[in-house]
$ cat work_5.cif   # mmCIF, C-alpha atoms and all ligand atoms
data_model
#
loop_
_atom_site.label_atom_id
_atom_site.label_comp_id
_atom_site.auth_asym_id
_atom_site.auth_seq_id
_atom_site.Cartn_x
_atom_site.Cartn_y
_atom_site.Cartn_z
CA MET A 723 -124.19 28.61 -52.18
CA ASP A 724 -123.31 32.07 -50.83
CA SER A 725 -123.06 33.07 -47.16
CA PHE A 726 -122.92 36.42 -45.37
CA PHE A 727 -119.72 37.22 -43.48
CA ILE A 728 -120.28 39.85 -40.80
CA ARG A 729 -117.94 41.66 -38.42
CA GLY A 730 -120.02 43.29 -35.74
CA ASN A 731 -119.71 45.58 -32.76
CA LYS A 732 -119.94 48.79 -34.81
CA PRO A 733 -122.75 51.40 -34.57
CA LEU A 734 -124.57 51.87 -37.91
CA GLN A 735 -124.93 55.41 -39.17
CA GLY A 736 -126.36 57.15 -42.24
CA GLN A 737 -129.40 56.69 -44.44
CA VAL A 738 -131.03 53.64 -45.95
CA THR A 739 -133.96 53.48 -48.40
CA ILE A 740 -136.64 50.84 -48.01
CA SER A 741 -137.96 48.93 -51.05
CA GLY A 742 -141.58 48.22 -51.97
CA SER A 743 -143.49 45.68 -49.92
CA LYS A 744 -143.11 41.99 -50.79
CA ASN A 745 -146.35 41.07 -49.08
CA ALA A 746 -148.28 43.82 -50.88
CA THR A 747 -146.79 43.00 -54.30
CA LEU A 748 -147.54 39.25 -54.22
CA PRO A 749 -151.36 39.47 -53.86
CA ILE A 750 -151.48 42.41 -56.28
CA MET A 751 -149.60 40.34 -58.88
CA ALA A 752 -152.17 37.55 -58.34
CA ALA A 753 -155.02 40.08 -58.63
CA SER A 754 -153.69 41.25 -61.99
CA LEU A 755 -155.09 37.95 -63.36
CA LEU A 756 -158.58 39.35 -62.81
CA SER A 757 -158.20 41.47 -65.94
CA SER A 758 -157.07 40.70 -69.47
CA GLY A 759 -155.55 44.19 -69.62
CA GLU A 760 -152.04 45.31 -68.84
CA VAL A 761 -151.04 45.99 -65.24
CA ILE A 762 -148.01 48.16 -64.50
CA LEU A 763 -146.63 47.93 -60.97
CA THR A 764 -143.97 50.32 -59.74
CA GLY A 765 -141.86 50.15 -56.58
CA VAL A 766 -141.61 46.36 -56.94
CA PRO A 767 -138.76 44.91 -54.83
CA ASN A 768 -136.13 42.70 -56.45
CA LEU A 769 -136.69 39.44 -54.59
CA ASP A 770 -136.76 35.72 -55.25
CA ASP A 771 -140.40 35.52 -54.08
CA ILE A 772 -141.38 38.05 -56.76
CA SER A 773 -139.56 35.95 -59.39
CA VAL A 774 -141.48 32.87 -58.22
CA MET A 775 -144.81 34.71 -58.49
CA SER A 776 -143.78 35.89 -61.99
CA GLU A 777 -143.16 32.22 -62.83
CA VAL A 778 -146.61 31.33 -61.47
CA LEU A 779 -148.26 33.94 -63.71
CA THR A 780 -146.15 32.88 -66.71
CA THR A 781 -147.15 29.23 -66.17
CA LEU A 782 -150.76 30.36 -66.53
CA GLY A 783 -149.99 32.11 -69.83
CA ALA A 784 -149.43 35.72 -68.67
CA LYS A 785 -146.53 37.76 -70.02
CA VAL A 786 -144.43 39.28 -67.24
CA THR A 787 -141.61 41.72 -67.91
CA ARG A 788 -139.45 43.62 -65.48
CA GLU A 789 -137.27 46.67 -65.73
CA ASN A 790 -135.69 47.91 -62.50
CA ASP A 791 -138.57 48.34 -60.05
CA VAL A 792 -141.31 48.27 -62.72
CA LEU A 793 -143.18 45.05 -63.40
CA ILE A 794 -145.54 44.76 -66.36
CA ILE A 795 -148.10 41.96 -66.37
CA ASP A 796 -150.08 41.27 -69.52
CA GLY A 797 -152.90 38.85 -68.74
CA LYS A 798 -154.44 38.75 -72.23
CA ASP A 799 -153.18 35.24 -73.10
CA VAL A 800 -153.82 33.53 -69.78
CA ASN A 801 -155.08 30.13 -70.88
CA SER A 802 -154.50 27.77 -67.98
CA CYS A 803 -156.17 27.51 -64.57
CA GLU A 804 -153.74 25.03 -63.06
CA ILE A 805 -150.71 25.52 -60.81
CA PRO A 806 -148.65 22.32 -60.71
CA GLU A 807 -147.01 21.05 -57.55
CA ASN A 808 -143.42 21.90 -58.56
CA ILE A 809 -144.41 25.60 -58.72
CA SER A 810 -146.82 25.66 -55.78
CA ARG A 811 -144.27 24.15 -53.42
CA LYS A 812 -141.75 26.91 -54.16
CA MET A 813 -143.79 29.53 -52.37
CA ARG A 814 -146.92 29.36 -50.24
CA ALA A 815 -148.19 32.69 -51.59
CA SER A 816 -148.68 31.05 -55.02
CA ASN A 817 -152.07 29.93 -53.62
CA LEU A 818 -153.15 33.58 -53.91
CA VAL A 819 -153.87 33.05 -57.61
CA MET A 820 -156.72 30.64 -56.79
CA GLY A 821 -159.23 33.38 -55.94
CA ALA A 822 -158.41 35.33 -59.10
CA LEU A 823 -158.62 32.24 -61.36
CA LEU A 824 -161.97 31.20 -59.89
CA ALA A 825 -163.37 34.67 -60.47
CA ARG A 826 -162.10 35.09 -64.04
CA PHE A 827 -162.44 31.55 -65.42
CA ALA A 828 -164.98 29.99 -63.02
CA GLN A 829 -162.47 27.21 -62.31
CA ALA A 830 -159.04 26.63 -60.79
CA ARG A 831 -156.77 23.74 -59.87
CA VAL A 832 -153.91 24.58 -57.51
CA ALA A 833 -151.50 22.08 -55.95
CA TYR A 834 -151.67 22.24 -52.18
CA PRO A 835 -148.75 24.35 -50.99
CA GLY A 836 -148.09 22.03 -48.04
CA GLY A 837 -146.50 23.06 -44.76
CA CYS A 838 -143.43 25.19 -44.38
CA ALA A 839 -140.65 25.64 -41.87
CA ILE A 840 -142.63 27.91 -39.55
CA GLY A 841 -145.84 25.89 -39.35
CA THR A 842 -148.41 23.69 -41.06
CA ARG A 843 -150.22 26.65 -42.63
CA PRO A 844 -153.52 25.10 -43.74
CA MET A 845 -155.82 26.57 -46.41
CA ASP A 846 -159.17 25.86 -44.73
CA LEU A 847 -160.16 29.53 -44.32
CA HIS A 848 -159.47 30.31 -47.99
CA LEU A 849 -161.53 27.30 -49.09
CA LYS A 850 -164.33 28.10 -46.65
CA GLY A 851 -164.54 31.55 -48.24
CA PHE A 852 -164.72 30.15 -51.78
CA ARG A 853 -167.37 27.63 -50.71
CA SER A 854 -169.45 30.39 -49.10
CA LEU A 855 -169.39 32.27 -52.42
CA GLY A 856 -170.88 29.18 -54.07
CA TYR A 857 -167.83 27.51 -55.57
CA ASP A 858 -167.71 23.74 -55.53
CA ILE A 859 -164.35 23.03 -53.87
CA ARG A 860 -162.69 19.61 -53.73
CA GLU A 861 -159.39 18.55 -52.22
CA GLU A 862 -158.00 15.51 -54.01
CA TYR A 863 -154.58 14.04 -54.78
CA GLY A 864 -152.77 17.05 -53.31
CA PHE A 865 -154.78 19.55 -55.35
CA MET A 866 -157.43 22.10 -54.42
CA GLU A 867 -159.92 22.24 -57.22
CA GLY A 868 -162.77 24.67 -57.63
CA LYS A 869 -165.63 25.19 -60.05
CA ALA A 870 -168.37 27.77 -60.08
CA ASP A 871 -171.66 26.36 -58.91
CA LYS A 872 -174.36 28.68 -57.60
CA ILE A 873 -172.15 31.67 -57.07
CA GLY A 874 -173.19 34.93 -55.47
CA GLY A 875 -172.12 37.38 -52.79
CA LYS A 876 -172.39 36.15 -49.18
CA GLU A 877 -171.50 37.08 -45.65
CA ILE A 878 -168.31 35.28 -44.57
CA LEU A 879 -167.07 35.15 -40.99
CA LEU A 880 -163.40 34.19 -40.77
CA ASP A 881 -162.56 32.15 -37.65
CA PHE A 882 -159.18 33.89 -37.64
CA PRO A 883 -158.19 37.10 -39.49
CA SER A 884 -155.99 35.30 -42.02
CA VAL A 885 -154.16 37.69 -44.35
CA GLY A 886 -154.11 35.30 -47.33
CA ALA A 887 -157.73 34.18 -46.91
CA THR A 888 -158.93 37.81 -46.70
CA GLU A 889 -156.97 38.66 -49.88
CA ASN A 890 -158.13 35.59 -51.80
CA ILE A 891 -161.80 36.23 -50.92
CA MET A 892 -161.50 39.94 -51.82
CA MET A 893 -160.21 38.97 -55.27
CA THR A 894 -162.89 36.37 -55.96
CA ALA A 895 -165.73 38.51 -54.63
CA SER A 896 -164.67 41.46 -56.81
CA LEU A 897 -165.99 39.65 -59.88
CA THR A 898 -168.74 37.63 -58.15
CA HIS A 899 -172.26 38.92 -58.66
CA GLY A 900 -173.84 40.38 -55.50
CA THR A 901 -172.45 41.80 -52.29
CA THR A 902 -169.91 39.96 -50.14
CA ILE A 903 -169.14 40.93 -46.58
CA ILE A 904 -166.00 39.57 -44.87
CA ARG A 905 -166.20 39.75 -41.09
CA ASN A 906 -163.16 39.35 -38.82
CA ALA A 907 -161.07 40.27 -41.87
CA ALA A 908 -157.31 40.78 -41.58
CA ARG A 909 -156.48 44.49 -41.23
CA GLU A 910 -152.88 44.60 -42.45
CA PRO A 911 -151.72 47.59 -44.58
CA GLU A 912 -151.17 45.13 -47.45
CA ILE A 913 -154.94 44.45 -47.47
CA VAL A 914 -155.56 48.19 -47.86
CA ASP A 915 -153.06 48.31 -50.75
CA LEU A 916 -154.87 45.40 -52.43
CA GLN A 917 -158.20 47.21 -52.00
CA ASN A 918 -156.73 50.37 -53.54
CA PHE A 919 -155.35 48.37 -56.47
CA LEU A 920 -158.61 46.47 -57.08
CA ASN A 921 -160.70 49.64 -56.83
CA ARG A 922 -158.43 51.29 -59.38
CA MET A 923 -159.16 48.30 -61.67
CA GLY A 924 -162.87 49.03 -61.25
CA ALA A 925 -163.80 46.94 -58.19
CA LYS A 926 -166.14 48.26 -55.51
CA ILE A 927 -164.56 47.46 -52.15
CA ARG A 928 -164.84 49.34 -48.88
CA GLY A 929 -163.58 48.73 -45.36
CA ALA A 930 -160.04 47.35 -45.84
CA GLY A 931 -158.03 48.21 -42.74
CA LEU A 932 -161.11 47.54 -40.58
CA ASP A 933 -162.45 44.16 -39.54
CA THR A 934 -165.41 44.24 -41.94
CA ILE A 935 -164.86 44.50 -45.69
CA LYS A 936 -167.73 44.98 -48.13
CA ILE A 937 -167.31 43.98 -51.78
CA GLU A 938 -169.91 44.66 -54.44
CA GLY A 939 -169.21 42.39 -57.38
CA VAL A 940 -168.68 44.05 -60.78
CA LYS A 941 -168.80 42.54 -64.31
CA HIS A 942 -165.22 43.19 -65.36
CA LEU A 943 -161.96 44.78 -64.26
CA VAL A 944 -159.35 46.62 -66.33
CA GLY A 945 -155.56 46.89 -66.37
CA VAL A 946 -154.09 49.80 -64.38
CA GLU A 947 -150.88 51.31 -63.03
CA HIS A 948 -150.16 51.09 -59.29
CA LYS A 949 -147.28 51.90 -56.93
CA VAL A 950 -146.89 49.40 -54.08
CA ILE A 951 -146.51 50.57 -50.47
CA PRO A 952 -143.11 50.47 -48.73
CA ASP A 953 -142.13 47.22 -46.99
CA ARG A 954 -142.90 47.70 -43.30
CA ILE A 955 -141.02 44.53 -42.29
CA GLU A 956 -137.86 45.54 -44.16
CA ALA A 957 -138.17 48.97 -42.50
CA GLY A 958 -138.63 47.30 -39.11
CA THR A 959 -135.56 45.12 -39.68
CA PHE A 960 -133.41 48.21 -40.38
CA MET A 961 -134.90 49.95 -37.32
CA VAL A 962 -133.73 47.02 -35.20
CA ALA A 963 -130.34 47.11 -36.99
CA ALA A 964 -129.93 50.71 -35.80
CA ALA A 965 -131.11 49.80 -32.29
CA ILE A 966 -129.02 46.64 -31.84
CA THR A 967 -125.80 48.37 -32.93
CA ARG A 968 -126.63 51.40 -30.75
CA GLY A 969 -126.44 53.42 -34.00
CA ASP A 970 -128.23 56.41 -35.54
CA VAL A 971 -129.95 55.77 -38.87
CA TRP A 972 -132.43 57.64 -41.05
CA ILE A 973 -134.77 55.14 -42.67
CA GLU A 974 -136.32 56.54 -45.83
CA ASN A 975 -139.57 55.42 -47.52
CA VAL A 976 -141.49 54.28 -44.44
CA VAL A 977 -145.13 54.81 -43.51
CA SER A 978 -144.74 55.22 -39.73
CA GLU A 979 -148.39 54.33 -39.13
CA HIS A 980 -147.76 50.86 -40.62
CA ILE A 981 -145.13 50.02 -38.02
CA GLN A 982 -146.68 51.68 -34.99
CA PRO A 983 -146.56 48.50 -32.83
CA LEU A 984 -142.81 48.23 -33.43
CA ILE A 985 -142.25 51.94 -32.81
CA SER A 986 -144.09 51.68 -29.46
CA LYS A 987 -142.07 48.63 -28.41
CA LEU A 988 -138.73 50.15 -29.36
CA ARG A 989 -139.62 53.35 -27.48
CA GLU A 990 -140.52 51.27 -24.43
CA ILE A 991 -137.05 49.73 -24.63
CA GLY A 992 -135.49 53.20 -24.65
CA ILE A 993 -134.84 53.70 -28.37
CA GLU A 994 -135.44 57.21 -29.68
CA ILE A 995 -137.60 57.34 -32.81
CA ILE A 996 -138.22 60.58 -34.66
CA PRO A 997 -140.77 60.24 -37.48
CA GLY A 998 -140.56 62.55 -40.52
CA SER A 999 -142.76 62.93 -43.56
CA SER A 1000 -141.15 60.19 -45.68
CA GLY A 1001 -139.23 58.16 -43.13
CA LEU A 1002 -137.95 58.07 -39.58
CA ARG A 1003 -134.78 58.41 -37.56
CA VAL A 1004 -133.80 55.68 -35.10
CA ILE A 1005 -131.28 56.47 -32.40
CA GLY A 1006 -130.06 53.52 -30.35
CA SER A 1007 -129.68 53.56 -26.59
CA SER A 1008 -126.56 52.62 -24.63
CA GLN A 1009 -128.81 51.26 -21.87
CA PRO A 1010 -131.83 49.60 -23.47
CA ARG A 1011 -134.44 48.03 -21.16
CA PRO A 1012 -135.91 44.51 -21.42
CA THR A 1013 -139.54 44.08 -22.47
CA ASP A 1014 -142.28 41.57 -23.24
CA ILE A 1015 -143.64 40.91 -26.73
CA LYS A 1016 -146.67 38.98 -27.93
CA THR A 1017 -147.27 38.60 -31.65
CA MET A 1018 -150.82 39.35 -32.78
CA PRO A 1019 -152.68 40.04 -36.02
CA TYR A 1020 -152.36 43.68 -37.19
CA PRO A 1021 -152.44 46.19 -35.50
CA GLY A 1022 -150.72 43.98 -32.92
CA PHE A 1023 -146.99 43.22 -32.92
CA PRO A 1024 -146.11 41.51 -36.26
CA THR A 1025 -144.97 37.89 -36.20
CA ASP A 1026 -142.69 38.83 -39.11
CA MET A 1027 -140.66 41.02 -36.68
CA GLN A 1028 -140.52 38.51 -33.81
CA ALA A 1029 -137.20 36.87 -34.70
CA GLN A 1030 -135.42 40.20 -35.30
CA MET A 1031 -136.69 41.60 -31.98
CA MET A 1032 -135.60 38.47 -30.18
CA ALA A 1033 -132.07 38.94 -31.54
CA PHE A 1034 -132.14 42.48 -30.14
CA LEU A 1035 -133.55 41.41 -26.75
CA ALA A 1036 -130.79 38.80 -26.53
CA THR A 1037 -128.40 41.78 -26.24
CA VAL A 1038 -130.48 43.76 -23.70
CA LYS A 1039 -129.57 43.25 -20.04
CA GLY A 1040 -132.40 41.73 -17.98
CA THR A 1041 -135.17 39.25 -18.80
CA SER A 1042 -137.59 39.64 -21.71
CA ILE A 1043 -140.48 37.38 -22.67
CA VAL A 1044 -141.51 36.71 -26.27
CA VAL A 1045 -144.81 34.95 -27.04
CA GLU A 1046 -145.56 33.75 -30.59
CA THR A 1047 -149.30 33.33 -31.15
CA ILE A 1048 -149.56 33.28 -34.96
CA PHE A 1049 -147.34 30.38 -36.06
CA GLU A 1050 -146.72 27.22 -34.06
CA ASN A 1051 -143.08 26.70 -34.99
CA ARG A 1052 -141.51 30.10 -35.31
CA PHE A 1053 -138.61 29.83 -32.85
CA MET A 1054 -136.06 28.13 -35.08
CA HIS A 1055 -133.73 31.12 -34.81
CA VAL A 1056 -133.38 30.37 -31.08
CA GLN A 1057 -130.99 27.46 -31.48
CA GLU A 1058 -128.87 29.48 -33.91
CA LEU A 1059 -128.82 32.52 -31.58
CA ARG A 1060 -127.74 30.17 -28.78
CA ARG A 1061 -124.69 29.24 -30.87
CA MET A 1062 -123.75 32.90 -30.60
CA GLY A 1063 -124.03 32.77 -26.81
CA ALA A 1064 -127.63 33.94 -26.40
CA ASN A 1065 -129.40 32.80 -23.24
CA ILE A 1066 -132.91 31.85 -24.44
CA LYS A 1067 -135.23 29.17 -23.09
CA VAL A 1068 -138.32 28.04 -24.99
CA GLU A 1069 -141.42 26.55 -23.44
CA GLY A 1070 -144.08 25.93 -26.09
CA ARG A 1071 -144.88 29.27 -27.67
CA VAL A 1072 -143.03 31.30 -25.02
CA ALA A 1073 -139.36 32.27 -25.13
CA ILE A 1074 -137.55 33.63 -22.07
CA VAL A 1075 -134.64 35.78 -23.13
CA LYS A 1076 -131.87 36.82 -20.74
CA GLY A 1077 -129.84 39.47 -22.51
CA GLY A 1078 -126.05 39.70 -22.57
CA ARG A 1079 -123.07 39.53 -24.91
CA LEU A 1080 -123.01 37.71 -28.23
CA GLN A 1081 -120.04 36.08 -29.91
CA GLY A 1082 -119.65 35.59 -33.67
CA ALA A 1083 -120.30 32.01 -34.87
CA SER A 1084 -121.31 29.99 -37.93
CA VAL A 1085 -125.10 29.94 -38.07
CA GLU A 1086 -127.78 28.86 -40.49
CA ALA A 1087 -130.77 30.86 -41.77
CA THR A 1088 -133.69 28.45 -41.38
CA ASP A 1089 -136.32 30.79 -42.80
CA LEU A 1090 -136.59 34.36 -44.07
CA ARG A 1091 -137.03 36.32 -40.83
CA ALA A 1092 -134.84 33.93 -38.82
CA GLY A 1093 -132.11 34.75 -41.34
CA ALA A 1094 -132.63 38.49 -40.82
CA ALA A 1095 -132.41 37.96 -37.05
CA LEU A 1096 -129.04 36.23 -37.42
CA ILE A 1097 -127.65 39.09 -39.53
CA LEU A 1098 -128.77 41.52 -36.79
CA ALA A 1099 -127.15 39.40 -34.09
CA GLY A 1100 -123.98 39.31 -36.18
CA LEU A 1101 -123.96 43.12 -36.40
CA PHE A 1102 -123.81 43.28 -32.60
CA ALA A 1103 -121.56 40.29 -31.86
CA GLU A 1104 -117.87 40.37 -31.23
CA GLY A 1105 -115.79 38.63 -33.90
CA GLU A 1106 -117.03 37.14 -37.15
CA THR A 1107 -120.48 35.68 -37.83
CA VAL A 1108 -121.08 33.56 -40.91
CA VAL A 1109 -124.73 33.16 -41.94
CA SER A 1110 -125.32 30.29 -44.37
CA HIS A 1111 -128.44 29.27 -46.35
CA ILE A 1112 -129.04 32.86 -47.28
CA GLU A 1113 -131.36 31.79 -50.10
CA HIS A 1114 -134.07 32.21 -47.45
CA ILE A 1115 -133.03 35.85 -46.95
CA ASP A 1116 -132.99 36.49 -50.73
CA ARG A 1117 -136.69 35.59 -50.79
CA GLY A 1118 -137.64 38.72 -48.91
CA TYR A 1119 -134.83 41.30 -48.59
CA ASP A 1120 -133.77 43.38 -51.59
CA SER A 1121 -129.95 43.93 -51.55
CA ILE A 1122 -129.74 43.63 -47.77
CA HIS A 1123 -125.96 43.47 -47.55
CA GLU A 1124 -125.43 46.42 -49.91
CA LYS A 1125 -127.95 48.46 -47.91
CA LEU A 1126 -126.23 47.54 -44.64
CA GLN A 1127 -122.81 48.35 -46.12
CA GLY A 1128 -124.24 51.78 -47.04
CA ILE A 1129 -124.78 52.54 -43.35
CA GLY A 1130 -121.38 51.33 -42.28
CA ALA A 1131 -121.83 47.60 -41.62
CA GLU A 1132 -118.98 45.21 -42.31
CA ILE A 1133 -120.89 42.54 -44.19
CA ASN A 1134 -119.85 40.66 -47.32
CA ARG A 1135 -121.43 38.04 -49.47
CA LYS A 1136 -119.36 35.21 -50.93
C1 LIG B 1201 -149.04 36.45 -44.44
C2 LIG B 1201 -147.66 36.97 -44.77
C3 LIG B 1201 -146.64 36.43 -43.78
C4 LIG B 1201 -147.07 36.74 -42.35
C5 LIG B 1201 -148.49 36.27 -42.10
C6 LIG B 1201 -149.02 36.68 -40.74
C7 LIG B 1201 -147.80 37.22 -47.18
C8 LIG B 1201 -147.38 36.74 -48.52
N1 LIG B 1201 -147.33 36.55 -46.13
O1 LIG B 1201 -149.00 35.04 -44.59
O2 LIG B 1201 -145.39 37.07 -44.06
O3 LIG B 1201 -146.20 36.07 -41.46
O4 LIG B 1201 -149.37 36.83 -43.09
O5 LIG B 1201 -148.93 38.04 -40.57
O6 LIG B 1201 -148.51 38.20 -47.05
N2 LIG B 1201 -154.34 29.80 -41.14
C9 LIG B 1201 -155.24 28.76 -41.01
N3 LIG B 1201 -156.05 28.49 -42.09
C10 LIG B 1201 -156.00 29.21 -43.24
C11 LIG B 1201 -155.10 30.28 -43.35
C12 LIG B 1201 -154.28 30.56 -42.27
O7 LIG B 1201 -155.29 28.08 -40.00
O8 LIG B 1201 -156.77 28.92 -44.18
C13 LIG B 1201 -153.42 30.09 -40.00
C14 LIG B 1201 -151.97 29.90 -40.40
O9 LIG B 1201 -151.59 28.54 -40.27
C15 LIG B 1201 -151.25 30.79 -39.42
C16 LIG B 1201 -152.24 31.93 -39.23
O10 LIG B 1201 -153.51 31.46 -39.67
O11 LIG B 1201 -151.06 30.11 -38.21
C17 LIG B 1201 -151.87 33.20 -39.98
O12 LIG B 1201 -151.85 32.92 -41.36
P1 LIG B 1201 -152.20 34.02 -42.47
O13 LIG B 1201 -152.62 35.28 -41.82
O14 LIG B 1201 -153.09 33.38 -43.47
O15 LIG B 1201 -150.77 34.23 -43.12
P2 LIG B 1201 -150.36 34.21 -44.64
O16 LIG B 1201 -151.36 34.95 -45.45
O17 LIG B 1201 -149.99 32.84 -45.07
#

$ encode --input "work_5.cif" --output "structure tokens"
Amino acid sequence: MDSFFIRGNKPLQGQVTISGSKNATLPIMAASLLSSGEVILTGVPNLDDISVMSEVLTTLGAKVTRENDVLIIDGKDVNSCEIPENISRKMRASNLVMGALLARFAQARVAYPGGCAIGTRPMDLHLKGFRSLGYDIREEYGFMEGKADKIGGKEILLDFPSVGATENIMMTASLTHGTTIIRNAAREPEIVDLQNFLNRMGAKIRGAGLDTIKIEGVKHLVGVEHKVIPDRIEAGTFMVAAAITRGDVWIENVVSEHIQPLISKLREIGIEIIPGSSGLRVIGSSQPRPTDIKTMPYPGFPTDMQAQMMAFLATVKGTSIVVETIFENRFMHVQELRRMGANIKVEGRVAIVKGGRLQGASVEATDLRAGAALILAGLFAEGETVVSHIEHIDRGYDSIHEKLQGIGAEINRK
């Protein structure tokens, strides 16, 4: 298995281009099952998670082909409504096909995705949504099974603005007769991209990006072409790479509005950020200031940037506080950062970070964003950092070491 070998302590400079969004592509791929037509997606990142979702769709009978950043999904021969456990366990987001299958075939059987490294991640909100729409949902022998019963649009109040539950309900409701209203919906930019995609297919959805989404069910949806939005978390990771190395980087293909909470935080710390029409420039500070961070649903500070910011704060003189409110076990990068000399104490969901120097060490990526955080720490540290278990990083970063090399980082994969 490959590792990343990093020699740090060098300011990054130049230009890097961000790929399409993983978290926008995955639900859109699932939504393509709503039509028997051909869906053409452009700007699709080259990631292991996208390959797993392609496998999910292929298992169901779809034909998926890829050329560079274009993915073509032909759903004409979809003939199965079941996702077996060996596929479901590979990636939690495979559960996103359940809503589409229920809507198109009036039945679905999906193996429970189980927990994952960062938390238990239940499915109750997704299932509550399907039940409200009139599907008969059972949970037996590790499977979630659904059948259409007395289906029709309903008003659904989510107890928490879950991204996946909002997406799954949007997909099902698109083809469910009547009007569905989702209250306390997730507001992430990826939800807006899904709405735009579904509406292009012929759906009637309004309100994505706000906390109330209204979906008027239609009879059928058609295949379309769609370009996915840029990946705001990849962009954020490169912004922190520029900041942590006290560098100066132009980050191309970014929608600044999507990463406003990160921009505000970095500015508070003393980082200069100059937005342009298609990207932004990040200029590091030689005397960054400590800060406090609390992860929240969008438009709050993203949990998917918490680990990377903690790596940065571990290099900023003074005391910073990081509170994780979304996932119960998302501090696994802390013990690895400590190996590099970071002074971080964890009490429950709160981490107290006292910034200082970091020293290269052998560390392990325990999950996707934790892995990104360790690369960032390695870019700052003195000496060599070796990051192992980079299969986690391959799930969500397209060519990360080549992109970092392009802006002057000494990072190799072997
Ligand atoms: C999505 C993102 C992930 C991001 C997360 C939060 C994708 C593919 N993944 O994950 O990168 O970290 O949003 O921004 O888009 N929950 C329940 N019951 C449910 C569903 C969720 O209790 O039925 C809880 C989860 O355990 C978690 C919290 O709600 O603690 C947030 O989960 P959710 O917003 O659903 O995240 P995902 O859609 O899984």

$ residues_around --input "work_5.cif" --residues "Ala965 (chain A)" --least-positions-apart "3" --cutoff "7 Å" --atoms "all atoms listed in the file" --output "PyMOL selection string"
chain A and resi 961-962+968-969+993+1005-1007

$ write_last_selection --input "work_5.cif" --atoms "C-alpha atoms" --output "PDB file, in the coordinates of the input"
ATOM      1  CA  MET A 961    -134.900  49.950 -37.320  1.00  0.00           C
ATOM      2  CA  VAL A 962    -133.730  47.020 -35.200  1.00  0.00           C
ATOM      3  CA  ARG A 968    -126.630  51.400 -30.750  1.00  0.00           C
ATOM      4  CA  GLY A 969    -126.440  53.420 -34.000  1.00  0.00           C
ATOM      5  CA  ILE A 993    -134.840  53.700 -28.370  1.00  0.00           C
ATOM      6  CA  ILE A1005    -131.280  56.470 -32.400  1.00  0.00           C
ATOM      7  CA  GLY A1006    -130.060  53.520 -30.350  1.00  0.00           C
ATOM      8  CA  SER A1007    -129.680  53.560 -26.590  1.00  0.00           C
TER       9      SER A1007
END

$ closest_residue --input "work_5.cif" --among "A:Val1004, A:Ile903, A:Ile750, A:Ala815" --to "Gly874 (chain A)" --atoms "only C-alpha atoms"
A:Ile903

$ residues_near_ligand --input "work_5.cif" --ligand "ligand LIG 1201 (chain B)" --cutoff "6 Å" --atoms "all atoms listed in the file" --output "PyMOL selection string"
chain A and resi 745+815+842-848+884-887+1025-1026+1048-1049

$ closest_residue --input "work_5.cif" --among "A:Thr934, A:Ser1084, A:Thr959, A:Ser1121" --to "Gly1105 (chain A)" --atoms "all atoms listed in the file"
A:Ser1084

$ residues_around --input "work_5.cif" --residues "region 867-870 of chain A" --least-positions-apart "5" --cutoff "12 Å" --atoms "all atoms listed in the file" --output "PyMOL selection string"
chain A and resi 803-806+817+820-834+848-862+894+898-899

$ residues_around --input "work_5.cif" --residues "Val977 (chain A)" --least-positions-apart "5" --cutoff "8 Å" --atoms "only C-alpha atoms" --output "JSON, numbers by chain"
{"A": [952, 954, 1000, 1001]}

$ atom_distance --input "work_5.cif" --atom1 "CA of Asp953 (chain A)" --atom2 "CA of His1114 (chain A)"
17.0 Å

$ atom_distance --input "work_5.cif" --atom1 "CA of Arg905 (chain A)" --atom2 "CA of Ile891 (chain A)"
11.3 Å

$ closest_atom_pairs --input "work_5.cif" --of "region 833-947 of chain A" --to "region 784-794 of chain A" --cutoff "12 Å" --atoms "all atoms listed in the file" --output "CSV"
residue,atom,partner,partner_atom,distance
A:Gly945,CA,A:Ile794,CA,10.2
A:Val946,CA,A:Ile794,CA,10.1
A:Glu947,CA,A:Ile794,CA,9.1

$ atom_distance --input "work_5.cif" --atom1 "CA of Gly1128 (chain A)" --atom2 "CA of Thr1107 (chain A)"
18.9 Å
